[in-house]
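Trainee: query-v3.txt is reproduced in full below (compact mmCIF, C-alpha atoms and all ligand atoms).
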# COMPACT_ATOMS: atom_id res chain seq x y z
CA MET A 3 150.40 69.78 33.41
CA GLN A 4 148.84 67.11 31.19
CA ASN A 5 145.35 67.42 29.68
CA LYS A 6 143.31 64.48 28.35
CA GLN A 7 141.37 65.51 25.25
CA TRP A 8 139.09 63.81 22.74
CA ILE A 9 140.23 64.86 19.25
CA LEU A 10 138.16 64.62 16.06
CA SER A 11 140.22 62.31 13.87
CA SER A 12 137.73 61.59 11.05
CA PHE A 13 134.29 62.82 9.98
CA PRO A 14 131.91 59.92 10.80
CA LYS A 15 130.16 58.18 7.95
CA GLY A 16 126.79 57.05 9.28
CA ASP A 17 126.94 56.05 12.97
CA ILE A 18 129.88 57.34 15.02
CA GLN A 19 132.62 54.68 14.87
CA ASP A 20 135.44 53.94 17.30
CA GLY A 21 138.36 55.92 15.92
CA ASP A 22 136.35 58.94 14.71
CA LEU A 23 137.38 60.43 18.04
CA VAL A 24 140.70 59.63 19.70
CA LEU A 25 141.74 60.28 23.29
CA GLN A 26 145.07 62.07 23.53
CA GLU A 27 147.16 63.48 26.34
CA ASN A 28 148.61 66.90 25.58
CA GLU A 29 150.58 69.45 27.57
CA LEU A 30 148.62 72.43 28.94
CA SER A 31 150.20 75.77 28.11
CA GLU A 32 151.09 78.38 30.76
CA LEU A 33 148.27 80.77 31.75
CA LYS A 34 148.70 84.17 30.10
CA ASP A 35 147.26 87.56 31.10
CA ASN A 36 143.45 87.71 30.84
CA GLU A 37 143.14 83.89 30.82
CA ILE A 38 141.45 81.43 33.20
CA LEU A 39 142.12 77.75 33.82
CA ILE A 40 138.93 75.69 34.13
CA ARG A 41 138.75 72.08 35.35
CA ASN A 42 135.76 70.45 33.66
CA ILE A 43 133.40 68.66 36.05
CA TYR A 44 130.43 67.75 33.84
CA LEU A 45 130.32 67.36 30.05
CA SER A 46 127.02 67.43 28.19
CA LEU A 47 126.57 64.78 25.49
CA ASP A 48 123.99 65.96 22.97
CA PRO A 49 122.49 64.72 19.70
CA ALA A 50 123.80 67.95 18.13
CA ASN A 51 127.36 66.70 18.70
CA ARG A 52 126.89 64.38 15.72
CA GLY A 53 126.13 67.34 13.41
CA TRP A 54 129.14 69.26 14.71
CA MET A 55 131.36 66.30 13.70
CA SER A 56 130.09 66.26 10.12
CA GLY A 57 132.54 68.79 8.67
CA GLN A 58 129.61 70.98 7.58
CA ALA A 59 128.98 74.44 9.01
CA SER A 60 125.43 74.95 10.36
CA TYR A 61 124.42 77.41 13.09
CA VAL A 62 128.00 76.99 14.36
CA ASP A 63 131.29 76.76 12.46
CA ALA A 64 132.29 73.35 11.17
CA MET A 65 134.77 71.46 13.33
CA GLN A 66 138.04 70.56 11.65
CA ILE A 67 139.99 67.31 11.90
CA GLY A 68 142.39 67.69 14.85
CA ASP A 69 140.04 69.92 16.87
CA VAL A 70 139.12 69.08 20.47
CA MET A 71 135.57 67.70 20.32
CA ARG A 72 133.13 70.53 21.00
CA GLY A 73 130.76 70.18 23.96
CA GLY A 74 128.98 72.09 26.72
CA THR A 75 130.57 71.86 30.16
CA ILE A 76 130.32 72.87 33.78
CA GLY A 77 133.65 73.40 35.48
CA ILE A 78 135.50 75.13 38.30
CA ILE A 79 138.03 77.92 37.88
CA GLU A 80 141.34 76.64 39.23
CA ASP A 81 143.42 79.69 38.34
CA SER A 82 142.60 83.15 37.00
CA LYS A 83 144.57 85.96 35.40
CA ASN A 84 141.29 87.59 34.29
CA GLU A 85 139.83 90.15 36.69
CA LYS A 86 136.24 89.18 35.76
CA PHE A 87 136.63 85.64 37.14
CA LYS A 88 137.72 84.36 40.55
CA LYS A 89 139.37 81.09 41.49
CA GLY A 90 136.72 78.68 42.85
CA GLU A 91 133.84 80.03 40.76
CA ILE A 92 131.69 77.40 39.03
CA VAL A 93 131.13 78.19 35.38
CA ASN A 94 129.30 76.98 32.32
CA CYS A 95 130.77 77.22 28.81
CA MET A 96 131.61 75.26 25.68
CA GLY A 97 134.57 73.69 27.43
CA GLY A 98 134.93 70.71 25.08
CA TRP A 99 135.60 67.03 25.63
CA GLN A 100 138.68 67.49 27.80
CA GLU A 101 139.82 67.63 31.41
CA TYR A 102 141.00 71.25 31.40
CA LEU A 103 140.36 74.34 29.36
CA ILE A 104 142.26 77.61 29.11
CA SER A 105 139.86 80.41 28.16
CA ASP A 106 139.90 84.19 27.75
CA GLY A 107 136.47 84.24 29.45
CA LYS A 108 134.42 84.73 26.28
CA GLY A 109 131.18 82.73 26.50
CA VAL A 110 131.90 81.73 30.12
CA ARG A 111 128.93 82.18 32.51
CA VAL A 112 129.17 81.95 36.29
CA ILE A 113 126.64 79.52 37.83
CA PRO A 114 125.13 80.81 41.08
CA GLN A 115 126.01 78.66 44.09
CA ASN A 116 123.91 77.71 47.14
CA THR A 117 120.69 77.53 45.11
CA GLY A 118 119.71 74.24 46.75
CA PHE A 119 119.85 72.43 43.41
CA PRO A 120 122.55 69.87 42.57
CA LEU A 121 125.19 71.13 40.17
CA ASP A 122 124.35 68.55 37.51
CA SER A 123 120.80 69.98 37.27
CA PHE A 124 122.40 73.06 35.66
CA MET A 125 123.51 70.72 32.88
CA SER A 126 119.95 69.55 32.29
CA VAL A 127 116.65 70.90 33.59
CA LEU A 128 118.10 74.22 34.82
CA GLY A 129 120.51 74.53 31.92
CA MET A 130 120.36 74.30 28.14
CA THR A 131 117.98 71.30 28.15
CA GLY A 132 115.34 72.99 30.31
CA MET A 133 115.62 76.22 28.35
CA THR A 134 115.13 74.32 25.10
CA ALA A 135 111.98 72.70 26.44
CA TYR A 136 110.67 75.90 28.01
CA PHE A 137 111.15 78.35 25.14
CA GLY A 138 110.67 75.73 22.42
CA LEU A 139 107.22 74.96 23.77
CA LEU A 140 106.01 78.22 25.32
CA ASP A 141 107.54 80.75 22.94
CA ILE A 142 107.05 78.88 19.70
CA THR A 143 103.69 77.16 20.20
CA ASP A 144 101.86 79.19 22.89
CA PRO A 145 99.95 76.19 24.33
CA LYS A 146 96.39 76.72 25.61
CA GLU A 147 94.45 74.77 28.20
CA GLY A 148 92.62 71.80 26.69
CA GLU A 149 94.80 71.59 23.58
CA THR A 150 96.40 68.30 22.56
CA LEU A 151 100.19 68.26 22.58
CA VAL A 152 102.24 65.40 21.12
CA VAL A 153 105.94 65.12 21.95
CA SER A 154 108.47 62.81 20.25
CA ALA A 155 111.54 61.48 22.13
CA ALA A 156 109.18 62.22 25.01
CA ALA A 157 111.13 60.36 27.69
CA GLY A 158 114.38 62.08 26.74
CA ALA A 159 116.07 65.05 28.35
CA VAL A 160 114.23 67.79 26.44
CA GLY A 161 111.06 65.83 25.68
CA SER A 162 110.30 64.87 29.30
CA ILE A 163 110.45 68.52 30.41
CA VAL A 164 108.28 69.61 27.44
CA CYS A 165 105.65 67.01 28.42
CA GLN A 166 105.52 68.25 32.02
CA ILE A 167 105.33 71.93 31.05
CA GLY A 168 102.49 70.94 28.70
CA LYS A 169 100.65 69.35 31.65
CA ILE A 170 101.27 72.44 33.82
CA LYS A 171 99.67 74.54 31.04
CA GLY A 172 96.60 72.29 31.03
CA CYS A 173 97.23 70.44 27.78
CA LYS A 174 96.35 66.86 27.03
CA VAL A 175 99.81 65.37 26.47
CA VAL A 176 100.73 62.25 24.51
CA GLY A 177 104.37 61.14 24.38
CA ILE A 178 106.15 58.95 21.84
CA ALA A 179 109.13 56.96 23.14
CA GLY A 180 111.20 53.88 22.30
CA SER A 181 110.43 51.34 25.05
CA ASP A 182 107.61 50.12 27.31
CA GLU A 183 109.67 51.17 30.33
CA LYS A 184 109.90 54.74 29.02
CA CYS A 185 106.18 54.79 28.15
CA GLU A 186 105.28 53.55 31.62
CA TRP A 187 107.43 56.28 33.21
CA LEU A 188 105.65 58.88 31.08
CA THR A 189 102.13 57.81 32.02
CA LYS A 190 102.69 56.63 35.63
CA ASN A 191 105.28 59.12 36.90
CA LEU A 192 104.83 62.16 34.67
CA LYS A 193 101.05 61.64 34.44
CA LEU A 194 100.84 61.96 30.66
CA ASP A 195 97.49 61.19 29.09
CA GLY A 196 99.01 58.58 26.81
CA ALA A 197 102.27 57.16 25.50
CA ILE A 198 103.17 55.28 22.33
CA ASN A 199 106.10 52.90 21.91
CA HIS A 200 107.33 53.74 18.42
CA LYS A 201 109.40 50.55 18.24
CA THR A 202 106.52 48.11 18.85
CA GLU A 203 103.28 49.99 18.08
CA ASN A 204 101.68 51.44 14.96
CA VAL A 205 102.17 55.15 15.73
CA ARG A 206 99.55 56.36 13.25
CA LYS A 207 96.88 53.99 14.62
CA ARG A 208 97.70 54.78 18.26
CA LEU A 209 97.62 58.55 17.62
CA LYS A 210 94.14 58.14 16.21
CA GLU A 211 93.06 56.34 19.39
CA LEU A 212 94.80 58.67 21.85
CA CYS A 213 94.13 61.98 20.06
CA PRO A 214 90.50 61.67 18.89
CA ASP A 215 90.20 65.47 18.62
CA GLY A 216 93.37 65.74 16.53
CA ILE A 217 96.73 67.31 17.46
CA ASP A 218 97.06 71.05 18.11
CA ILE A 219 100.76 71.15 18.93
CA TYR A 220 103.63 68.89 17.95
CA PHE A 221 107.03 69.21 19.64
CA GLU A 222 109.34 67.70 17.03
CA ASN A 223 112.49 65.97 18.21
CA VAL A 224 112.94 63.13 15.75
CA GLY A 225 111.62 63.52 12.16
CA GLY A 226 111.11 60.61 9.76
CA PRO A 227 108.13 58.22 9.90
CA ILE A 228 106.97 59.48 13.32
CA THR A 229 106.54 62.98 11.89
CA GLU A 230 104.64 61.59 8.92
CA ALA A 231 102.21 59.90 11.30
CA VAL A 232 101.76 63.04 13.44
CA LEU A 233 101.18 65.38 10.47
CA THR A 234 98.22 63.37 9.27
CA ARG A 235 96.42 64.13 12.53
CA MET A 236 97.35 67.82 12.95
CA ASN A 237 94.43 70.21 13.38
CA ILE A 238 93.87 73.34 11.33
CA LYS A 239 96.06 76.18 12.65
CA GLY A 240 98.16 73.70 14.59
CA ARG A 241 101.70 74.65 15.64
CA ILE A 242 104.92 72.70 15.38
CA SER A 243 108.07 73.47 17.32
CA LEU A 244 110.88 72.08 15.22
CA CYS A 245 113.46 71.34 17.90
CA GLY A 246 115.38 68.41 16.45
CA LEU A 247 115.39 65.62 13.86
CA ILE A 248 117.55 62.96 15.51
CA SER A 249 116.37 60.10 13.27
CA GLY A 250 118.34 61.65 10.40
CA TYR A 251 121.55 62.68 12.19
CA ASN A 252 123.45 59.48 11.28
CA ALA A 253 121.95 59.19 7.79
CA GLU A 254 124.45 59.13 4.93
CA SER A 255 121.97 60.47 2.39
CA LEU A 256 118.78 62.53 2.67
CA VAL A 257 116.05 60.64 4.53
CA PRO A 258 112.60 60.60 2.90
CA GLY A 259 110.78 63.70 4.10
CA PRO A 260 107.36 63.98 5.67
CA ALA A 261 104.31 65.02 3.68
CA TRP A 262 104.89 68.77 3.81
CA GLY A 263 101.69 69.31 1.81
CA ASN A 264 99.83 68.88 5.08
CA LEU A 265 101.48 72.03 6.44
CA LEU A 266 100.37 74.01 3.43
CA ILE A 267 96.80 72.73 3.34
CA LYS A 268 96.21 73.15 7.06
CA ARG A 269 97.99 76.56 7.35
CA ILE A 270 100.23 75.16 10.06
CA LYS A 271 102.92 77.37 11.54
CA LEU A 272 106.19 75.52 11.84
CA GLN A 273 109.12 77.28 13.39
CA GLY A 274 112.62 76.11 13.90
CA PHE A 275 114.77 77.53 16.68
CA ILE A 276 118.25 77.36 18.13
CA ILE A 277 118.45 77.67 21.88
CA PHE A 278 121.56 79.90 21.73
CA ASP A 279 119.23 82.78 20.74
CA TYR A 280 117.46 82.52 24.10
CA TYR A 281 120.41 82.74 26.47
CA LYS A 282 119.64 86.39 27.23
CA ARG A 283 116.25 85.21 28.61
CA MET A 284 117.78 82.43 30.74
CA MET A 285 116.46 83.86 34.04
CA GLU A 286 112.83 83.51 32.85
CA SER A 287 113.12 79.77 32.36
CA PHE A 288 115.25 79.37 35.49
CA MET A 289 112.67 81.10 37.70
CA ASP A 290 109.74 79.03 36.42
CA LEU A 291 111.50 75.68 36.16
CA SER A 292 113.14 75.92 39.59
CA GLN A 293 109.79 76.85 41.12
CA TRP A 294 108.04 73.93 39.38
CA ILE A 295 110.74 71.51 40.61
CA LYS A 296 110.27 72.78 44.19
CA GLU A 297 106.50 72.34 43.86
CA GLY A 298 106.99 68.76 42.63
CA LYS A 299 105.46 69.59 39.24
CA ILE A 300 108.62 68.79 37.28
CA GLN A 301 110.76 65.68 37.61
CA TYR A 302 113.98 65.12 35.72
CA LYS A 303 116.47 62.31 35.21
CA ASN A 304 120.19 62.71 34.65
CA ASP A 305 122.12 59.75 33.20
CA ILE A 306 125.61 60.47 34.56
CA VAL A 307 128.46 58.30 33.26
CA PRO A 308 131.75 58.60 35.19
CA GLY A 309 135.00 59.11 33.28
CA LEU A 310 135.97 61.29 30.31
CA GLU A 311 137.36 58.14 28.65
CA ASN A 312 133.78 56.86 28.28
CA ALA A 313 132.51 59.88 26.29
CA SER A 314 132.92 58.46 22.80
CA THR A 315 131.15 55.15 23.53
CA SER A 316 128.45 56.81 25.66
CA ILE A 317 127.30 59.26 22.97
CA LYS A 318 126.03 56.29 20.94
CA LYS A 319 123.34 55.78 23.62
CA LEU A 320 121.55 58.87 22.31
CA PHE A 321 120.99 57.18 18.95
CA SER A 322 120.10 53.71 20.28
CA GLY A 323 117.77 55.19 22.91
CA GLU A 324 119.70 53.61 25.82
CA ASN A 325 120.10 56.93 27.66
CA LYS A 326 117.85 57.35 30.69
CA GLY A 327 117.43 61.11 30.78
CA LYS A 328 120.02 63.81 30.19
CA LEU A 329 123.27 62.17 29.19
CA ILE A 330 126.22 63.68 31.05
CA ILE A 331 129.86 62.64 31.50
CA GLN A 332 131.36 63.23 34.92
CA VAL A 333 134.85 64.42 34.00
CA SER A 334 136.13 65.08 37.52
CA GLU A 335 135.01 65.39 41.14
CA ASP A 336 132.04 67.67 41.83
CA PRO A 337 133.19 69.88 44.74
CA THR A 338 129.58 70.81 45.59
CA SER A 339 128.26 67.26 46.11
N1 LIG B 401 116.95 73.33 18.79
C1 LIG B 401 117.81 73.29 19.82
O1 LIG B 401 118.41 74.31 20.21
C2 LIG B 401 118.02 72.00 20.54
C3 LIG B 401 118.67 71.97 21.81
C4 LIG B 401 118.79 70.73 22.47
C5 LIG B 401 118.32 69.55 21.85
N2 LIG B 401 117.74 69.63 20.62
C6 LIG B 401 117.19 68.42 19.97
O2 LIG B 401 116.25 67.82 20.85
C7 LIG B 401 116.16 66.43 20.57
C8 LIG B 401 116.28 65.65 21.88
O3 LIG B 401 117.59 65.90 22.43
P1 LIG B 401 117.95 65.43 23.93
O4 LIG B 401 119.25 66.05 24.26
O5 LIG B 401 116.80 65.66 24.81
O6 LIG B 401 118.20 63.86 23.75
P2 LIG B 401 117.36 62.67 24.41
O7 LIG B 401 115.94 62.82 23.97
O8 LIG B 401 117.66 62.56 25.85
O9 LIG B 401 118.02 61.41 23.68
C9 LIG B 401 117.77 61.15 22.34
C10 LIG B 401 116.56 60.20 22.19
O10 LIG B 401 116.09 60.26 20.85
C11 LIG B 401 115.41 59.07 20.56
N3 LIG B 401 115.80 58.59 19.23
C12 LIG B 401 117.07 58.35 18.79
N4 LIG B 401 117.03 57.91 17.51
C13 LIG B 401 115.72 57.89 17.14
C14 LIG B 401 115.02 57.54 15.96
N5 LIG B 401 115.68 57.11 14.87
N6 LIG B 401 113.66 57.62 15.93
C15 LIG B 401 112.99 58.05 17.02
N7 LIG B 401 113.58 58.40 18.18
C16 LIG B 401 114.93 58.33 18.24
C17 LIG B 401 115.80 58.04 21.63
O11 LIG B 401 114.65 57.87 22.48
P3 LIG B 401 113.59 56.68 22.28
O12 LIG B 401 114.09 55.54 23.09
O13 LIG B 401 112.35 57.28 22.81
O14 LIG B 401 113.53 56.37 20.81
C18 LIG B 401 116.91 58.75 22.42
O15 LIG B 401 116.91 58.40 23.78
C19 LIG B 401 117.26 66.12 19.56
O16 LIG B 401 116.70 66.07 18.25
C20 LIG B 401 118.20 67.32 19.67
O17 LIG B 401 118.93 67.55 18.49
C21 LIG B 401 117.58 70.82 19.96
Using structure tokens, write down the structure that the file contains.
Ligand SMILES: NC(=O)c1ccc[n+]([C@@H]2O[C@H](COP(=O)([O-])OP(=O)(O)OC[C@H]3O[C@@H](n4cnc5c(N)ncnc54)[C@H](OP(=O)(O)O)[C@@H]3O)[C@@H](O)[C@H]2O)c1
Mentor:
Amino acid sequence: MQNKQWILSSFPKGDIQDGDLVLQENELSELKDNEILIRNIYLSLDPANRGWMSGQASYVDAMQIGDVMRGGTIGIIEDSKNEKFKKGEIVNCMGGWQEYLISDGKGVRVIPQNTGFPLDSFMSVLGMTGMTAYFGLLDITDPKEGETLVVSAAAGAVGSIVCQIGKIKGCKVVGIAGSDEKCEWLTKNLKLDGAINHKTENVRKRLKELCPDGIDIYFENVGGPITEAVLTRMNIKGRISLCGLISGYNAESLVPGPAWGNLLIKRIKLQGFIIFDYYKRMMESFMDLSQWIKEGKIQYKNDIVPGLENASTSIKKLFSGENKGKLIIQVSEDPTS
């Protein structure tokens, strides 16, 4: 059996270039005792993928040249020689940028079926993305009714869920996004109190207008000049959830940092987090988020691109801002749809 795989062929310098990843067809080995064969259905494309390609270890081991590109997947078990998994079960794991995966079952989680939610929602709002928004906001910043919350990359996969949870908790929510269309979606559809187009507006000036009482909570997704502008308006004892810093992921040298002195002077608590630490609490976020979706309090968008062969060009959308919601590759047919 043949398996199409994206292989890391060079560590990108700056933006990901064609050729940093190459699509190869390799022979799948025979299934051994204790192993399962998974056919990938959905592949998650994430900003973090860029860091994993850098050759530097971080919260995960560094990828090596020649490795299958690392990535989160949802797939179906097509064959099992492992008594813990049955053929036909739908599972979530780090299945990589490939059609098939042979696994010993480590890190493989079964996704419940017949929940009434489409399978791809487990790759976004009911999966890692929703958990990141849920715990990153609620656990790290403990938002209170009436507080002002600012979210960067607000129309994105994580950001849009953070904004809506902020509204559910009674916050005044202002989103920062990269187009008028995204800003309109945030204010008209998600009912945010304000939105700022960071590509055409003066973020610092607009924050002053939209957050006259200052900013209590900042959900940080981007870093760089946007962070600088937000920090100047943070209130005393404000909280920052440091989720991501996408503006620096393609940078070849250190990007100028924000004015960290503000954190010191205003006794701000800033906490970074990695969502992997929260997987044991997955049911908490699932119960709340699924309920909020049913009640119409949470909307989500999935940007599903068909075809594994399109993975390496599609990931660039995350850095240009062209993605419309959670970016997902459809690797093969979804048997549940
Ligand atoms: N800590 C964790 O465990 C964890 C888990 C998941 C994700 N994250 C982080 O969460 C953030 C959002 O990830 P996501 O998956 O939800 O992606 P996303 O927001 O759906 O897509 C990325 C968005 O970032 C914005 N962006 C890209 N380059 C930018 C720049 N230079 N300046 C300002 N904005 C820029 C673009 O939106 P605009 O058009 O609005 O500019 C783009 O659409 C990322 O930083 C990611 O690393 C962290």
Trainee: For A:Asp63, find every residue with an atom within 9 Å (counting all atoms listed in the file), except residues of its own chain fewer than 5 positions away, and show them as a PyMOL selection string.
Mentor: chain A and resi 54+57-58
Trainee: Counting only C-alpha atoms and all ligand atoms, figure out which residue out of A:Leu212, A:Ala157, A:Met289, A:Cys165 gets nearest to ligand LIG 401 (chain B).
Mentor: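 Using only C-alpha atoms and all ligand atoms, ligand LIG 401 (chain B) sits closest to A:Ala157.
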Trainee: Just the residues within 8 Å of A:Cys185, please, counting only C-alpha atoms, with nothing from its chain fewer than 5 positions along; format it as a list of chain:residue names.
Mentor: A:Ala157, A:Gly177, A:Ile178, A:Ala179, A:Gly180, A:Ala197, A:Ile198, A:Asn199
Trainee: Near stretch 39-53 of chain A, within 8 Å and counting only C-alpha atoms, which residues show up once chain neighbours fewer than 5 positions away are dropped, as number ranges by chain?
Mentor: A: 18, 33, 58, 72-82, 97-105, 122, 125, 248, 251-252, 313, 317, 320-321, 329-336
Trainee: For ligand LIG 401 (chain B), collect every residue having any atom at a distance of at most 6 Å from a ligand atom (counting only C-alpha atoms and all ligand atoms); output as a PDB file with C-alpha atoms, in the coordinates of the input.
Mentor:
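Okay, this is what ended up in pocket.pdb:
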ATOM      1  CA  ASP A  48     123.990  65.960  22.970  1.00  0.00           C
ATOM      2  CA  PRO A  49     122.490  64.720  19.700  1.00  0.00           C
ATOM      3  CA  ALA A  50     123.800  67.950  18.130  1.00  0.00           C
ATOM      4  CA  THR A 131     117.980  71.300  28.150  1.00  0.00           C
ATOM      5  CA  THR A 134     115.130  74.320  25.100  1.00  0.00           C
ATOM      6  CA  ALA A 155     111.540  61.480  22.130  1.00  0.00           C
ATOM      7  CA  ALA A 157     111.130  60.360  27.690  1.00  0.00           C
ATOM      8  CA  GLY A 158     114.380  62.080  26.740  1.00  0.00           C
ATOM      9  CA  ALA A 159     116.070  65.050  28.350  1.00  0.00           C
ATOM     10  CA  VAL A 160     114.230  67.790  26.440  1.00  0.00           C
ATOM     11  CA  GLY A 161     111.060  65.830  25.680  1.00  0.00           C
ATOM     12  CA  ALA A 179     109.130  56.960  23.140  1.00  0.00           C
ATOM     13  CA  GLY A 180     111.200  53.880  22.300  1.00  0.00           C
ATOM     14  CA  SER A 181     110.430  51.340  25.050  1.00  0.00           C
ATOM     15  CA  ASN A 223     112.490  65.970  18.210  1.00  0.00           C
ATOM     16  CA  VAL A 224     112.940  63.130  15.750  1.00  0.00           C
ATOM     17  CA  CYS A 245     113.460  71.340  17.900  1.00  0.00           C
ATOM     18  CA  GLY A 246     115.380  68.410  16.450  1.00  0.00           C
ATOM     19  CA  LEU A 247     115.390  65.620  13.860  1.00  0.00           C
ATOM     20  CA  ILE A 248     117.550  62.960  15.510  1.00  0.00           C
ATOM     21  CA  SER A 249     116.370  60.100  13.270  1.00  0.00           C
ATOM     22  CA  PHE A 275     114.770  77.530  16.680  1.00  0.00           C
ATOM     23  CA  ILE A 276     118.250  77.360  18.130  1.00  0.00           C
ATOM     24  CA  ILE A 277     118.450  77.670  21.880  1.00  0.00           C
ATOM     25  CA  LEU A 320     121.550  58.870  22.310  1.00  0.00           C
ATOM     26  CA  PHE A 321     120.990  57.180  18.950  1.00  0.00           C
ATOM     27  CA  SER A 322     120.100  53.710  20.280  1.00  0.00           C
ATOM     28  CA  GLY A 323     117.770  55.190  22.910  1.00  0.00           C
ATOM     29  CA  GLU A 324     119.700  53.610  25.820  1.00  0.00           C
ATOM     30  CA  ASN A 325     120.100  56.930  27.660  1.00  0.00           C
ATOM     31  CA  GLY A 327     117.430  61.110  30.780  1.00  0.00           C
ATOM     32  CA  LYS A 328     120.020  63.810  30.190  1.00  0.00           C
TER      33      LYS A 328
END
